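Raw contents of structure_8.cif, mmCIF, C-alpha atoms:
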```cif
data_data
loop_
_atom_site.label_atom_id
_atom_site.label_comp_id
_atom_site.auth_asym_id
_atom_site.auth_seq_id
_atom_site.Cartn_x
_atom_site.Cartn_y
_atom_site.Cartn_z
CA SER A 1 21.62 -32.13 -226.27
CA THR A 2 24.28 -32.78 -228.94
CA ALA A 3 25.22 -29.10 -228.80
CA ALA A 4 25.38 -29.31 -224.99
CA ALA A 5 27.71 -32.31 -225.26
CA ARG A 6 29.96 -30.41 -227.69
CA ALA A 7 29.97 -27.41 -225.36
CA ALA A 8 30.89 -29.64 -222.41
CA GLY A 9 34.04 -30.74 -224.23
CA VAL A 10 33.56 -34.49 -224.59
CA SER A 11 35.56 -36.07 -227.39
CA ASP A 12 36.97 -39.50 -226.53
CA PRO A 13 35.15 -42.83 -226.18
CA GLY A 14 33.90 -43.14 -222.62
CA ASP A 15 33.48 -39.38 -222.18
CA ALA A 16 29.94 -38.76 -220.96
CA VAL A 17 27.65 -35.81 -220.33
CA THR A 18 24.63 -35.85 -218.06
CA ALA A 19 22.18 -32.99 -218.44
CA LEU A 20 20.52 -32.42 -215.07
CA GLY A 21 17.48 -30.35 -215.90
CA SER A 22 13.78 -31.01 -215.48
CA THR A 23 14.64 -34.44 -216.91
CA LEU A 24 17.85 -36.51 -217.05
CA VAL A 25 19.58 -36.81 -220.43
CA LEU A 26 22.64 -39.03 -220.82
CA LYS A 27 25.14 -38.83 -223.70
CA LEU A 28 28.20 -41.02 -224.15
CA VAL A 29 30.92 -40.84 -226.83
CA SER A 30 31.25 -44.16 -228.67
CA GLU A 31 33.23 -45.47 -231.63
CA ARG A 32 30.06 -46.99 -233.04
CA PRO A 33 26.34 -46.25 -232.95
CA VAL A 34 24.05 -48.08 -230.56
CA ASN A 35 20.34 -48.01 -231.28
CA ALA A 36 17.85 -49.85 -229.11
CA PRO A 37 14.43 -48.17 -229.33
CA GLU A 38 12.98 -50.81 -227.03
CA PHE A 39 15.11 -49.22 -224.29
CA GLY A 40 14.83 -45.62 -225.51
CA VAL A 41 18.47 -45.64 -226.70
CA TYR A 42 19.53 -43.70 -229.80
CA SER A 43 22.73 -42.42 -231.47
CA HIS A 44 23.75 -39.22 -233.23
CA ARG A 45 26.80 -38.68 -235.40
CA PHE A 46 29.47 -36.74 -233.50
CA GLY A 47 32.40 -35.92 -235.76
CA GLU A 48 34.08 -39.24 -236.53
CA ARG A 49 32.36 -40.83 -233.55
CA TRP A 50 28.86 -41.22 -232.14
CA LEU A 51 26.91 -39.88 -229.20
CA VAL A 52 24.89 -42.69 -227.70
CA GLY A 53 22.23 -41.73 -225.22
CA GLY A 54 18.82 -41.75 -223.72
CA ALA A 55 16.47 -39.39 -221.92
CA SER A 56 14.59 -40.24 -218.76
CA ASN A 57 11.31 -38.65 -217.71
CA ALA A 58 12.74 -38.45 -214.19
CA GLY A 59 14.66 -35.37 -213.19
CA GLY A 60 14.83 -32.11 -211.34
CA ALA A 61 11.17 -31.30 -212.02
CA VAL A 62 10.26 -33.76 -209.26
CA CYS A 63 12.54 -31.98 -206.76
CA ALA A 64 11.09 -28.62 -207.84
CA ARG A 65 7.60 -29.88 -207.03
CA TYR A 66 8.55 -30.27 -203.36
CA PHE A 67 11.34 -27.75 -202.76
CA SER A 68 12.20 -24.22 -203.82
CA PRO A 69 15.74 -23.74 -205.19
CA LYS A 70 16.61 -21.85 -201.98
CA ARG A 71 15.34 -24.65 -199.74
CA MET A 72 17.07 -27.29 -201.84
CA GLY A 73 20.34 -25.39 -201.54
CA GLU A 74 19.99 -25.07 -197.77
CA LEU A 75 19.24 -28.76 -197.32
CA SER A 76 22.00 -29.85 -199.70
CA LEU A 77 24.58 -28.14 -197.48
CA ARG A 78 23.60 -30.60 -194.71
CA LEU A 79 23.37 -33.68 -196.91
CA ASP A 80 25.99 -36.44 -196.50
CA PRO A 81 26.50 -37.79 -200.04
CA MET A 82 28.58 -40.72 -198.79
CA GLN A 83 25.62 -42.24 -196.94
CA ASP A 84 22.60 -44.02 -198.38
CA SER A 85 19.23 -42.48 -197.59
CA GLY A 86 17.60 -45.88 -197.00
CA LEU A 87 14.84 -44.89 -199.45
CA ASP A 88 14.09 -46.50 -202.80
CA TYR A 89 12.57 -43.78 -204.97
CA TYR A 90 11.97 -43.60 -208.71
CA PRO A 91 11.28 -39.84 -209.03
CA LEU A 92 8.69 -39.35 -211.77
CA LEU A 93 6.01 -36.66 -211.86
CA LYS A 94 3.50 -39.11 -213.34
CA PRO A 95 3.47 -42.67 -214.70
CA GLY A 96 5.55 -43.33 -217.79
CA GLU A 97 9.26 -43.74 -218.43
CA ARG A 98 11.42 -43.70 -221.60
CA PHE A 99 14.92 -44.66 -220.46
CA PRO A 100 16.53 -46.71 -218.99
CA VAL A 101 13.13 -48.43 -218.73
CA ASN A 102 10.81 -47.90 -221.69
CA ASP A 103 7.35 -48.35 -220.22
CA PRO A 104 4.49 -45.85 -220.71
CA ASP A 105 2.89 -47.10 -217.49
CA TYR A 106 6.00 -47.19 -215.28
CA PRO A 107 4.86 -45.87 -211.88
CA PRO A 108 6.50 -43.14 -209.82
CA ARG A 109 7.92 -44.34 -206.51
CA LEU A 110 7.93 -41.50 -203.99
CA THR A 111 6.81 -43.17 -200.79
CA PRO A 112 7.21 -43.50 -197.93
CA ARG A 113 7.87 -39.80 -197.42
CA PRO A 114 9.82 -39.19 -194.22
CA ALA A 115 8.89 -36.25 -192.01
CA ASP A 116 12.46 -35.00 -192.31
CA ASP A 117 12.82 -32.84 -195.46
CA LEU A 118 16.58 -33.49 -195.55
CA ARG A 119 16.08 -37.25 -195.79
CA PHE A 120 13.32 -36.82 -198.38
CA LEU A 121 15.55 -34.68 -200.62
CA HIS A 122 18.40 -37.14 -200.06
CA GLY A 123 16.14 -39.94 -201.30
CA LEU A 124 15.03 -37.98 -204.36
CA LEU A 125 18.57 -37.08 -205.42
CA GLU A 126 19.77 -40.60 -204.72
CA GLY A 127 16.93 -42.05 -206.80
CA LEU A 128 17.91 -39.84 -209.72
CA ALA A 129 21.57 -40.80 -209.33
CA ARG A 130 20.60 -44.48 -209.44
CA ILE A 131 18.64 -43.91 -212.65
CA GLU A 132 21.72 -42.23 -214.12
CA ALA A 133 23.94 -45.15 -213.08
CA ARG A 134 21.44 -47.66 -214.45
CA GLY A 135 21.32 -45.70 -217.72
CA TYR A 136 25.07 -45.76 -218.25
CA ALA A 137 25.21 -49.45 -217.30
CA LEU A 138 22.52 -50.19 -219.90
CA LEU A 139 24.42 -48.30 -222.60
CA ALA A 140 27.50 -50.39 -221.82
CA GLU A 141 25.47 -53.61 -221.91
CA LEU A 142 24.20 -52.63 -225.36
CA GLY A 143 27.72 -52.12 -226.73
CA ALA A 144 28.73 -48.56 -225.87
CA PRO A 145 31.87 -48.03 -223.78
CA ALA A 146 31.57 -47.75 -220.04
CA PRO A 147 31.86 -44.12 -218.96
CA ARG A 148 35.35 -43.10 -217.84
CA ARG A 149 34.27 -39.62 -216.71
CA VAL A 150 30.99 -37.73 -216.55
CA LEU A 151 30.63 -34.00 -217.14
CA SER A 152 27.50 -32.35 -215.76
CA VAL A 153 25.41 -29.60 -217.34
CA GLY A 154 22.06 -28.09 -216.39
CA GLY A 155 20.60 -26.60 -213.25
CA GLY A 156 21.37 -29.60 -211.03
CA ALA A 157 25.03 -29.62 -212.04
CA VAL A 158 25.87 -26.88 -209.53
CA ASN A 159 24.82 -28.97 -206.50
CA PRO A 160 28.11 -30.29 -205.02
CA ALA A 161 26.45 -32.79 -202.67
CA TRP A 162 24.50 -34.35 -205.53
CA ARG A 163 27.66 -34.40 -207.66
CA ALA A 164 29.53 -36.29 -204.92
CA MET A 165 26.62 -38.72 -204.52
CA ARG A 166 26.54 -39.33 -208.27
CA GLU A 167 30.29 -39.89 -208.35
CA ARG A 168 29.96 -42.48 -205.58
CA LEU A 169 27.18 -44.35 -207.35
CA LEU A 170 28.69 -44.08 -210.85
CA GLY A 171 32.20 -45.05 -209.74
CA VAL A 172 33.88 -42.55 -212.10
CA PRO A 173 34.93 -38.90 -211.77
CA VAL A 174 32.02 -36.47 -212.07
CA SER A 175 32.69 -32.79 -212.66
CA LEU A 176 30.97 -29.61 -213.73
CA ALA A 177 31.41 -28.86 -217.43
CA VAL A 178 33.23 -25.57 -217.95
CA HIS A 179 30.82 -24.51 -220.68
CA GLN A 180 27.18 -24.99 -219.73
CA GLU A 181 25.39 -23.31 -222.64
CA ALA A 182 24.13 -25.35 -225.60
CA ALA A 183 24.47 -22.16 -227.69
CA TYR A 184 28.24 -22.37 -227.20
CA GLY A 185 28.17 -25.95 -228.46
CA SER A 186 26.04 -24.91 -231.44
CA ALA A 187 28.68 -22.33 -232.36
CA LEU A 188 31.39 -25.00 -232.10
CA LEU A 189 29.37 -27.40 -234.25
CA ALA A 190 28.91 -24.66 -236.89
CA ARG A 191 32.65 -23.97 -236.82
CA ASP A 192 33.37 -27.72 -237.15
CA ARG A 193 31.24 -27.80 -240.29
CA GLY A 194 32.98 -24.80 -241.81
CA PHE A 195 30.34 -22.15 -241.15
CA GLY A 196 31.41 -18.73 -239.94
CA GLY A 197 34.85 -17.22 -239.67
#
```

Take the structure in this file and express it as structure tokens.
Amino acid sequence: STAAARAAGVSDPGDAVTALGSTLVLKLVSERPVNAPEFGVYSHRFGERWLVGGASNAGGAVCARYFSPKRMGELSLRLDPMQDSGLDYYPLLKPGERFPVNDPDYPPRLTPRPADDLRFLHGLLEGLARIEARGYALLAELGAPAPRRVLSVGGGAVNPAWRAMRERLLGVPVSLAVHQEAAYGSALLARDRGFGG
């Protein structure tokens, strides 16, 4: 995830990267490390700065359980990201969460399930966006800077409706990172350390 953050192009305090894969991974550039294992928060050296972050067990794997990528894409075209779904989901595949709540017994919350697939997907994506917002708020409470912008990587990053929903709930600009591949970030990290030509 450090390589993915380097590939995304974050560099200044408050720059953040959210990896939207089978799970949610948050990374935030900070002037100082923040470590709070009781919340699943850790830091990695990042040049002269630090990457503070955490990884949730919630993520796109829950959406994939209920919807094919094609169906998710079709429904997302009809989704209004400026409206609340009215649902209060915590999308986990099974009990247990690492961040922003560190509780091995934390229960999934996926009910009630509406008959309308569009509203159900809306609730799932909104629940994940709320976890992301809660995660960044926790990092700020623990001493990291508040995010000033969020770059998105991973399979979920290409969903424009979800991106707009996340931007609304995070209250900062959210955009797709130009470079999505961690391998690109690994090459940059190697160059930074003087390896290669």

Margin query: Give me the residues near Leu125 (chain A) as a count of residues only, where near means some atom within 10 Å (using all atoms listed in the file) and where sequence neighbours in that chain fewer than 6 positions away do not count.
Written below: 18

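With all atoms listed in the file as the atoms that count, the residue of A:Phe120, A:Phe67, A:Tyr42, A:Tyr106 with the shortest distance to Ser30 (chain A) is A:Tyr42.
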
Margin query: Selection in question (the file shown): the PyMOL selection byres ((chain A and resi 16) around 12). Which residues does it include, as a ChimeraX atom specification?
Written below: /A:1-2,4-6,8-15,17-19,25-30,50-54,132-133,135-136,139-140,144-153,170,172-177

May I have the residues from that selection written out with C-alpha atoms, as a PDB file, keeping the file's coordinate frame?
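In the end it all went to again_3.pdb:
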```pdb
ATOM      1  CA  SER A   1      21.620 -32.130-226.270  1.00  0.00           C
ATOM      2  CA  THR A   2      24.280 -32.780-228.940  1.00  0.00           C
ATOM      3  CA  ALA A   4      25.380 -29.310-224.990  1.00  0.00           C
ATOM      4  CA  ALA A   5      27.710 -32.310-225.260  1.00  0.00           C
ATOM      5  CA  ARG A   6      29.960 -30.410-227.690  1.00  0.00           C
ATOM      6  CA  ALA A   8      30.890 -29.640-222.410  1.00  0.00           C
ATOM      7  CA  GLY A   9      34.040 -30.740-224.230  1.00  0.00           C
ATOM      8  CA  VAL A  10      33.560 -34.490-224.590  1.00  0.00           C
ATOM      9  CA  SER A  11      35.560 -36.070-227.390  1.00  0.00           C
ATOM     10  CA  ASP A  12      36.970 -39.500-226.530  1.00  0.00           C
ATOM     11  CA  PRO A  13      35.150 -42.830-226.180  1.00  0.00           C
ATOM     12  CA  GLY A  14      33.900 -43.140-222.620  1.00  0.00           C
ATOM     13  CA  ASP A  15      33.480 -39.380-222.180  1.00  0.00           C
ATOM     14  CA  VAL A  17      27.650 -35.810-220.330  1.00  0.00           C
ATOM     15  CA  THR A  18      24.630 -35.850-218.060  1.00  0.00           C
ATOM     16  CA  ALA A  19      22.180 -32.990-218.440  1.00  0.00           C
ATOM     17  CA  VAL A  25      19.580 -36.810-220.430  1.00  0.00           C
ATOM     18  CA  LEU A  26      22.640 -39.030-220.820  1.00  0.00           C
ATOM     19  CA  LYS A  27      25.140 -38.830-223.700  1.00  0.00           C
ATOM     20  CA  LEU A  28      28.200 -41.020-224.150  1.00  0.00           C
ATOM     21  CA  VAL A  29      30.920 -40.840-226.830  1.00  0.00           C
ATOM     22  CA  SER A  30      31.250 -44.160-228.670  1.00  0.00           C
ATOM     23  CA  TRP A  50      28.860 -41.220-232.140  1.00  0.00           C
ATOM     24  CA  LEU A  51      26.910 -39.880-229.200  1.00  0.00           C
ATOM     25  CA  VAL A  52      24.890 -42.690-227.700  1.00  0.00           C
ATOM     26  CA  GLY A  53      22.230 -41.730-225.220  1.00  0.00           C
ATOM     27  CA  GLY A  54      18.820 -41.750-223.720  1.00  0.00           C
ATOM     28  CA  GLU A 132      21.720 -42.230-214.120  1.00  0.00           C
ATOM     29  CA  ALA A 133      23.940 -45.150-213.080  1.00  0.00           C
ATOM     30  CA  GLY A 135      21.320 -45.700-217.720  1.00  0.00           C
ATOM     31  CA  TYR A 136      25.070 -45.760-218.250  1.00  0.00           C
ATOM     32  CA  LEU A 139      24.420 -48.300-222.600  1.00  0.00           C
ATOM     33  CA  ALA A 140      27.500 -50.390-221.820  1.00  0.00           C
ATOM     34  CA  ALA A 144      28.730 -48.560-225.870  1.00  0.00           C
ATOM     35  CA  PRO A 145      31.870 -48.030-223.780  1.00  0.00           C
ATOM     36  CA  ALA A 146      31.570 -47.750-220.040  1.00  0.00           C
ATOM     37  CA  PRO A 147      31.860 -44.120-218.960  1.00  0.00           C
ATOM     38  CA  ARG A 148      35.350 -43.100-217.840  1.00  0.00           C
ATOM     39  CA  ARG A 149      34.270 -39.620-216.710  1.00  0.00           C
ATOM     40  CA  VAL A 150      30.990 -37.730-216.550  1.00  0.00           C
ATOM     41  CA  LEU A 151      30.630 -34.000-217.140  1.00  0.00           C
ATOM     42  CA  SER A 152      27.500 -32.350-215.760  1.00  0.00           C
ATOM     43  CA  VAL A 153      25.410 -29.600-217.340  1.00  0.00           C
ATOM     44  CA  LEU A 170      28.690 -44.080-210.850  1.00  0.00           C
ATOM     45  CA  VAL A 172      33.880 -42.550-212.100  1.00  0.00           C
ATOM     46  CA  PRO A 173      34.930 -38.900-211.770  1.00  0.00           C
ATOM     47  CA  VAL A 174      32.020 -36.470-212.070  1.00  0.00           C
ATOM     48  CA  SER A 175      32.690 -32.790-212.660  1.00  0.00           C
ATOM     49  CA  LEU A 176      30.970 -29.610-213.730  1.00  0.00           C
ATOM     50  CA  ALA A 177      31.410 -28.860-217.430  1.00  0.00           C
TER      51      ALA A 177
END
```

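Contact shell of Arg113 (chain A) at 12 Å (all atoms listed in the file; same-chain neighbours under 2 positions omitted): Tyr66, Ser85, Gly86, Leu87, Asp88, Tyr89, Arg109, Leu110, Thr111, Ala115, Asp116, Asp117, Leu118, Arg119, Phe120, Leu121, His122, Gly123 and Leu124 of chain A.
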
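You can rank A:Leu20, A:Leu93, A:Ala3, A:Leu79 by their closest distance to His44 (chain A) using all atoms listed in the file, and at the top of that list sits A:Ala3.
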
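Going from CA of Arg78 (chain A) to CA of Ala61 (chain A) covers 21.3 Å.
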
Check: What separation in Å, quoted to one decimal, exists between CA of Asp84 (chain A) and CA of Asp103 (chain A)?
Finding: 27.0 Å

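Atom pair CA of Leu92 (chain A) / CA of Pro112 (chain A) has a distance of 14.5 Å (rounded to one decimal).
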
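Comparing A:Gly40, A:Gly155, A:Gly127, A:Gly21 by their smallest distance to Pro104 (chain A), the closest is A:Gly40 (using all atoms listed in the file).
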
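With all atoms listed in the file as the basis for measurement, A:Glu31 is the residue among A:Val158, A:Pro69, A:Glu31, A:Asp105 that approaches Gly47 (chain A) most closely.
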
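Of the residues listed (A:Pro95, A:Ala164, A:Pro108, A:Phe46), A:Phe46 shows the shortest atom-to-atom separation from Pro33 (chain A); distances use only C-alpha atoms.
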
Could all heavy atoms be built for region 124-135 of chain A and written out as a JSON list (two decimals), keeping the file's coordinate frame?
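Result went into selection_4.json, see below:
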```json
[["chain", "number", "residue", "atom", "x", "y", "z"],
["A", 124, "LEU", "N", 15.33, -38.40, -202.99],
["A", 124, "LEU", "CA", 15.03, -37.98, -204.36],
["A", 124, "LEU", "C", 16.30, -37.90, -205.20],
["A", 124, "LEU", "O", 16.36, -38.44, -206.32],
["A", 124, "LEU", "CB", 14.32, -36.62, -204.37],
["A", 124, "LEU", "CG", 12.91, -36.56, -203.80],
["A", 124, "LEU", "CD1", 12.42, -35.11, -203.79],
["A", 124, "LEU", "CD2", 11.96, -37.43, -204.60],
["A", 125, "LEU", "N", 17.32, -37.22, -204.68],
["A", 125, "LEU", "CA", 18.57, -37.08, -205.42],
["A", 125, "LEU", "C", 19.25, -38.42, -205.62],
["A", 125, "LEU", "O", 19.81, -38.70, -206.70],
["A", 125, "LEU", "CB", 19.51, -36.11, -204.69],
["A", 125, "LEU", "CG", 19.02, -34.66, -204.59],
["A", 125, "LEU", "CD1", 20.01, -33.82, -203.78],
["A", 125, "LEU", "CD2", 18.78, -34.05, -205.96],
["A", 126, "GLU", "N", 19.19, -39.27, -204.62],
["A", 126, "GLU", "CA", 19.77, -40.60, -204.72],
["A", 126, "GLU", "C", 19.04, -41.44, -205.77],
["A", 126, "GLU", "O", 19.66, -42.15, -206.57],
["A", 126, "GLU", "CB", 19.71, -41.28, -203.36],
["A", 126, "GLU", "CG", 20.50, -42.55, -203.23],
["A", 126, "GLU", "CD", 20.45, -43.02, -201.79],
["A", 126, "GLU", "OE1", 19.41, -43.57, -201.37],
["A", 126, "GLU", "OE2", 21.44, -42.79, -201.08],
["A", 127, "GLY", "N", 17.70, -41.33, -205.79],
["A", 127, "GLY", "CA", 16.93, -42.05, -206.80],
["A", 127, "GLY", "C", 17.31, -41.63, -208.20],
["A", 127, "GLY", "O", 17.46, -42.47, -209.11],
["A", 128, "LEU", "N", 17.50, -40.34, -208.41],
["A", 128, "LEU", "CA", 17.91, -39.84, -209.72],
["A", 128, "LEU", "C", 19.32, -40.31, -210.07],
["A", 128, "LEU", "O", 19.59, -40.68, -211.22],
["A", 128, "LEU", "CB", 17.83, -38.31, -209.74],
["A", 128, "LEU", "CG", 16.41, -37.74, -209.65],
["A", 128, "LEU", "CD1", 16.45, -36.23, -209.43],
["A", 128, "LEU", "CD2", 15.60, -38.08, -210.89],
["A", 129, "ALA", "N", 20.21, -40.32, -209.08],
["A", 129, "ALA", "CA", 21.57, -40.80, -209.33],
["A", 129, "ALA", "C", 21.57, -42.29, -209.70],
["A", 129, "ALA", "O", 22.37, -42.73, -210.54],
["A", 129, "ALA", "CB", 22.45, -40.55, -208.11],
["A", 130, "ARG", "N", 20.68, -43.05, -209.10],
["A", 130, "ARG", "CA", 20.60, -44.48, -209.44],
["A", 130, "ARG", "C", 20.08, -44.68, -210.86],
["A", 130, "ARG", "O", 20.51, -45.59, -211.57],
["A", 130, "ARG", "CB", 19.71, -45.20, -208.44],
["A", 130, "ARG", "CG", 20.36, -45.41, -207.09],
["A", 130, "ARG", "CD", 19.57, -46.39, -206.23],
["A", 130, "ARG", "NE", 20.18, -46.52, -204.93],
["A", 130, "ARG", "CZ", 19.60, -46.18, -203.79],
["A", 130, "ARG", "NH1", 18.38, -45.68, -203.78],
["A", 130, "ARG", "NH2", 20.23, -46.35, -202.64],
["A", 131, "ILE", "N", 19.13, -43.84, -211.27],
["A", 131, "ILE", "CA", 18.64, -43.91, -212.65],
["A", 131, "ILE", "C", 19.78, -43.60, -213.61],
["A", 131, "ILE", "O", 19.95, -44.27, -214.64],
["A", 131, "ILE", "CB", 17.45, -42.95, -212.86],
["A", 131, "ILE", "CG1", 16.24, -43.42, -212.05],
["A", 131, "ILE", "CG2", 17.10, -42.82, -214.34],
["A", 131, "ILE", "CD1", 15.12, -42.39, -211.96],
["A", 132, "GLU", "N", 20.56, -42.58, -213.29],
["A", 132, "GLU", "CA", 21.72, -42.23, -214.12],
["A", 132, "GLU", "C", 22.69, -43.41, -214.22],
["A", 132, "GLU", "O", 23.14, -43.77, -215.32],
["A", 132, "GLU", "CB", 22.42, -41.01, -213.54],
["A", 132, "GLU", "CG", 23.61, -40.53, -214.33],
["A", 132, "GLU", "CD", 24.33, -39.36, -213.68],
["A", 132, "GLU", "OE1", 24.03, -39.03, -212.50],
["A", 132, "GLU", "OE2", 25.21, -38.78, -214.35],
["A", 133, "ALA", "N", 23.02, -44.02, -213.09],
["A", 133, "ALA", "CA", 23.94, -45.15, -213.08],
["A", 133, "ALA", "C", 23.38, -46.32, -213.87],
["A", 133, "ALA", "O", 24.10, -46.98, -214.63],
["A", 133, "ALA", "CB", 24.25, -45.57, -211.64],
["A", 134, "ARG", "N", 22.10, -46.57, -213.71],
["A", 134, "ARG", "CA", 21.44, -47.66, -214.45],
["A", 134, "ARG", "C", 21.47, -47.36, -215.95],
["A", 134, "ARG", "O", 21.66, -48.26, -216.77],
["A", 134, "ARG", "CB", 20.02, -47.83, -213.95],
["A", 134, "ARG", "CG", 19.27, -48.99, -214.56],
["A", 134, "ARG", "CD", 17.91, -49.14, -213.89],
["A", 134, "ARG", "NE", 17.11, -50.16, -214.53],
["A", 134, "ARG", "CZ", 15.84, -50.39, -214.25],
["A", 134, "ARG", "NH1", 15.23, -49.68, -213.31],
["A", 134, "ARG", "NH2", 15.18, -51.34, -214.86],
["A", 135, "GLY", "N", 21.29, -46.09, -216.31],
["A", 135, "GLY", "CA", 21.32, -45.70, -217.72],
["A", 135, "GLY", "C", 22.67, -45.95, -218.36],
["A", 135, "GLY", "O", 22.76, -46.54, -219.44]]
```
